[in-house]
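Trainee: Here you go, this is final.cif (mmCIF, C-alpha atoms).
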```cif
data_target
#
loop_
_atom_site.group_PDB
_atom_site.id
_atom_site.type_symbol
_atom_site.label_atom_id
_atom_site.label_comp_id
_atom_site.auth_asym_id
_atom_site.auth_seq_id
_atom_site.Cartn_x
_atom_site.Cartn_y
_atom_site.Cartn_z
ATOM 1 C CA MET A 1 -13.868 6.177 -6.426
ATOM 2 C CA ASP A 2 -12.830 2.576 -7.086
ATOM 3 C CA LYS A 3 -9.080 3.024 -7.288
ATOM 4 C CA PHE A 4 -8.361 -0.407 -5.789
ATOM 5 C CA LYS A 5 -11.307 -2.335 -7.269
ATOM 6 C CA ASN A 6 -9.315 -4.409 -9.784
ATOM 7 C CA ALA A 7 -5.871 -3.935 -8.290
ATOM 8 C CA GLU A 8 -3.635 -6.975 -8.470
ATOM 9 C CA LYS A 9 -1.286 -5.645 -5.778
ATOM 10 C CA VAL A 10 -1.132 -2.530 -3.637
ATOM 11 C CA GLY A 11 1.518 -1.025 -1.447
ATOM 12 C CA LEU A 12 2.693 2.052 0.354
ATOM 13 C CA ARG A 13 4.508 4.938 -1.324
ATOM 14 C CA ASP A 14 6.338 7.890 0.128
ATOM 15 C CA LYS A 15 4.401 11.100 -0.604
ATOM 16 C CA SER A 16 7.461 13.167 -1.495
ATOM 17 C CA THR A 17 9.545 10.653 -3.492
ATOM 18 C CA LYS A 18 6.686 8.450 -4.795
ATOM 19 C CA LYS A 19 8.970 5.491 -4.036
ATOM 20 C CA LEU A 20 7.293 2.200 -3.143
ATOM 21 C CA PHE A 21 8.538 0.940 0.224
ATOM 22 C CA ALA A 22 6.082 -1.811 1.211
ATOM 23 C CA VAL A 23 3.911 -4.289 -0.691
ATOM 24 C CA TYR A 24 0.733 -5.568 0.919
ATOM 25 C CA PRO A 25 0.866 -9.394 0.669
ATOM 26 C CA ASN A 26 -2.866 -10.129 0.706
ATOM 27 C CA LYS A 27 -5.716 -9.669 -1.764
ATOM 28 C CA VAL A 28 -7.469 -6.323 -1.412
ATOM 29 C CA GLU A 29 -11.234 -6.143 -0.988
ATOM 30 C CA GLY A 30 -13.611 -3.377 -0.022
ATOM 31 C CA THR A 31 -13.954 0.313 -0.657
ATOM 32 C CA ASP A 32 -10.937 2.515 -1.238
ATOM 33 C CA GLU A 33 -11.152 3.765 2.343
ATOM 34 C CA GLU A 34 -11.342 0.214 3.736
ATOM 35 C CA VAL A 35 -8.380 -0.948 1.637
ATOM 36 C CA ALA A 36 -6.262 2.042 2.688
ATOM 37 C CA LYS A 37 -7.042 1.382 6.356
ATOM 38 C CA VAL A 38 -6.277 -2.352 6.128
ATOM 39 C CA VAL A 39 -2.968 -1.751 4.346
ATOM 40 C CA LYS A 40 -1.863 0.940 6.797
ATOM 41 C CA ASP A 41 -2.917 -1.194 9.774
ATOM 42 C CA TRP A 42 -0.950 -4.139 8.349
ATOM 43 C CA TYR A 43 2.166 -1.985 7.911
ATOM 44 C CA TYR A 44 1.846 -0.522 11.404
ATOM 45 C CA GLN A 45 1.769 -4.043 12.863
ATOM 46 C CA GLN A 46 5.105 -4.789 11.180
ATOM 47 C CA SER A 47 6.983 -2.298 13.350
ATOM 48 C CA CYS A 48 6.225 0.157 16.114
ATOM 49 C CA GLY A 49 8.460 2.761 14.459
ATOM 50 C CA SER A 50 6.404 2.655 11.293
ATOM 51 C CA GLU A 51 3.876 5.191 12.602
ATOM 52 C CA ASP A 52 6.041 8.145 11.556
ATOM 53 C CA ARG A 53 6.499 6.727 8.065
ATOM 54 C CA LEU A 54 2.755 6.239 7.677
ATOM 55 C CA LEU A 55 2.241 9.973 8.161
ATOM 56 C CA THR A 56 4.176 10.645 4.963
ATOM 57 C CA SER A 57 2.829 7.808 2.822
ATOM 58 C CA TYR A 58 -0.195 6.741 0.836
ATOM 59 C CA VAL A 59 -1.642 3.473 -0.454
ATOM 60 C CA ASP A 60 -1.288 3.007 -4.204
ATOM 61 C CA VAL A 61 -1.686 0.362 -6.899
ATOM 62 C CA LEU A 62 1.552 -1.266 -8.049
ATOM 63 C CA THR A 63 2.510 -0.971 -11.710
ATOM 64 C CA GLU A 64 3.021 -4.106 -13.810
ATOM 65 C CA LYS A 65 6.772 -3.478 -13.684
ATOM 66 C CA GLU A 66 6.742 -3.281 -9.877
ATOM 67 C CA ILE A 67 4.724 -6.505 -9.661
ATOM 68 C CA LYS A 68 7.188 -8.326 -11.941
ATOM 69 C CA GLU A 69 10.177 -7.004 -9.999
ATOM 70 C CA ARG A 70 8.748 -8.344 -6.751
ATOM 71 C CA SER A 71 7.711 -11.759 -8.101
#
```
So, in terms of structure tokens, how does the structure I just supplied come out?
Mentor:
Amino acid sequence: MDKFKNAEKVGLRDKSTKKLFAVYPNKVEGTDEEVAKVVKDWYYQQSCGSEDRLLTSYVDVLTEKEIKERS
């Protein structure tokens, strides 16, 4: 599945609330699995306490509205 193939921006969402809580700052390249790993690794490097949050999150494509709000 090429979920992230043409994604302009991706980020991390909470599984239960679907709320976006982090935006990956770099261009995404690779397979879906590679992108998900890179984004989660990047977030983990931001804070040691982020490991627990990663367990309840997933990588997702930002909507146009979310991209505009963060520009």
Trainee: Smallest atom-to-atom distance to Lys40 in chain A: which of A:Lys15, A:Lys5, A:Arg53, A:Arg70, using all atoms listed in the file?
Mentor: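 Among A:Lys15, A:Lys5, A:Arg53, A:Arg70, it is A:Arg53 that comes nearest to Lys40 in chain A.
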Trainee: Quick one: which residues end up in the PyMOL selection byres ((chain A and resi 24) around 12) for this structure, as a PyMOL selection string?
Mentor: chain A and resi 7-13+20-23+25-28+35-44+46+59-62+67+70
Trainee: Record the distance separating CA of Leu54 in chain A and CA of Phe4 in chain A, expressed in Å with one decimal.
Mentor: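 Computing the Euclidean distance for CA of Leu54 in chain A and CA of Phe4 in chain A yields 18.7 Å.
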Trainee: In Å, rounded to a single decimal, give me how far CA of Leu55 in chain A is from CA of Asn6 in chain A.
Mentor: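 Taking CA of Asn6 in chain A as the start and CA of Leu55 in chain A as the end point, the length is 25.7 Å.
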Trainee: What gap, in Å, lies between CA of Asp2 in chain A and CA of Glu29 in chain A?
Mentor: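 Straight-line distance from CA of Asp2 in chain A to CA of Glu29 in chain A works out to 10.8 Å.
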Trainee: Please determine, counting all atoms listed in the file, which residue among A:Thr63, A:Gly49, A:Met1, A:Ser71 has the shortest atom-to-atom distance to Asp32 in chain A.
Mentor: A:Met1
Trainee: Taking N, CA and C atoms as the atom set, what does range 8-29 of chain A look like once completed, written as a compact mmCIF listing (two decimals), in the frame of the given file?
Mentor:
```txt
# COMPACT_ATOMS: atom_id res chain seq x y z
N GLU A 8 -4.28 -5.69 -8.71
CA GLU A 8 -3.64 -6.98 -8.47
C GLU A 8 -2.83 -6.93 -7.17
N LYS A 9 -2.09 -5.85 -6.99
CA LYS A 9 -1.29 -5.64 -5.78
C LYS A 9 -1.31 -4.17 -5.42
N VAL A 10 -1.24 -3.90 -4.12
CA VAL A 10 -1.13 -2.53 -3.64
C VAL A 10 0.02 -2.45 -2.65
N GLY A 11 0.44 -1.23 -2.40
CA GLY A 11 1.52 -1.02 -1.45
C GLY A 11 1.52 0.40 -0.95
N LEU A 12 2.54 0.72 -0.20
CA LEU A 12 2.69 2.05 0.35
C LEU A 12 3.81 2.80 -0.36
N ARG A 13 3.52 4.07 -0.67
CA ARG A 13 4.51 4.94 -1.32
C ARG A 13 4.77 6.15 -0.45
N ASP A 14 5.97 6.65 -0.53
CA ASP A 14 6.34 7.89 0.13
C ASP A 14 5.71 9.04 -0.64
N LYS A 15 5.07 9.97 0.05
CA LYS A 15 4.40 11.10 -0.60
C LYS A 15 5.36 12.01 -1.36
N SER A 16 6.55 12.22 -0.85
CA SER A 16 7.46 13.17 -1.50
C SER A 16 8.26 12.53 -2.62
N THR A 17 8.71 11.29 -2.46
CA THR A 17 9.54 10.65 -3.49
C THR A 17 8.76 9.74 -4.43
N LYS A 18 7.55 9.38 -4.03
CA LYS A 18 6.69 8.45 -4.80
C LYS A 18 7.29 7.04 -4.86
N LYS A 19 8.30 6.79 -4.03
CA LYS A 19 8.97 5.49 -4.04
C LYS A 19 8.16 4.48 -3.23
N LEU A 20 7.98 3.30 -3.80
CA LEU A 20 7.29 2.20 -3.14
C LEU A 20 8.20 1.63 -2.06
N PHE A 21 7.69 1.49 -0.83
CA PHE A 21 8.54 0.94 0.22
C PHE A 21 7.93 -0.27 0.92
N ALA A 22 6.69 -0.61 0.62
CA ALA A 22 6.08 -1.81 1.21
C ALA A 22 5.00 -2.33 0.28
N VAL A 23 4.93 -3.66 0.15
CA VAL A 23 3.91 -4.29 -0.69
C VAL A 23 3.00 -5.12 0.21
N TYR A 24 1.72 -4.84 0.13
CA TYR A 24 0.73 -5.57 0.92
C TYR A 24 0.62 -6.98 0.35
N PRO A 25 0.80 -8.02 1.18
CA PRO A 25 0.87 -9.39 0.67
C PRO A 25 -0.49 -10.06 0.39
N ASN A 26 -1.56 -9.48 0.84
CA ASN A 26 -2.87 -10.13 0.71
C ASN A 26 -3.71 -9.50 -0.39
N LYS A 27 -4.77 -10.20 -0.78
CA LYS A 27 -5.72 -9.67 -1.76
C LYS A 27 -6.49 -8.51 -1.13
N VAL A 28 -6.74 -7.48 -1.93
CA VAL A 28 -7.47 -6.32 -1.41
C VAL A 28 -8.95 -6.43 -1.78
N GLU A 29 -9.79 -6.12 -0.80
CA GLU A 29 -11.23 -6.14 -0.99
C GLU A 29 -11.84 -5.00 -0.19
```
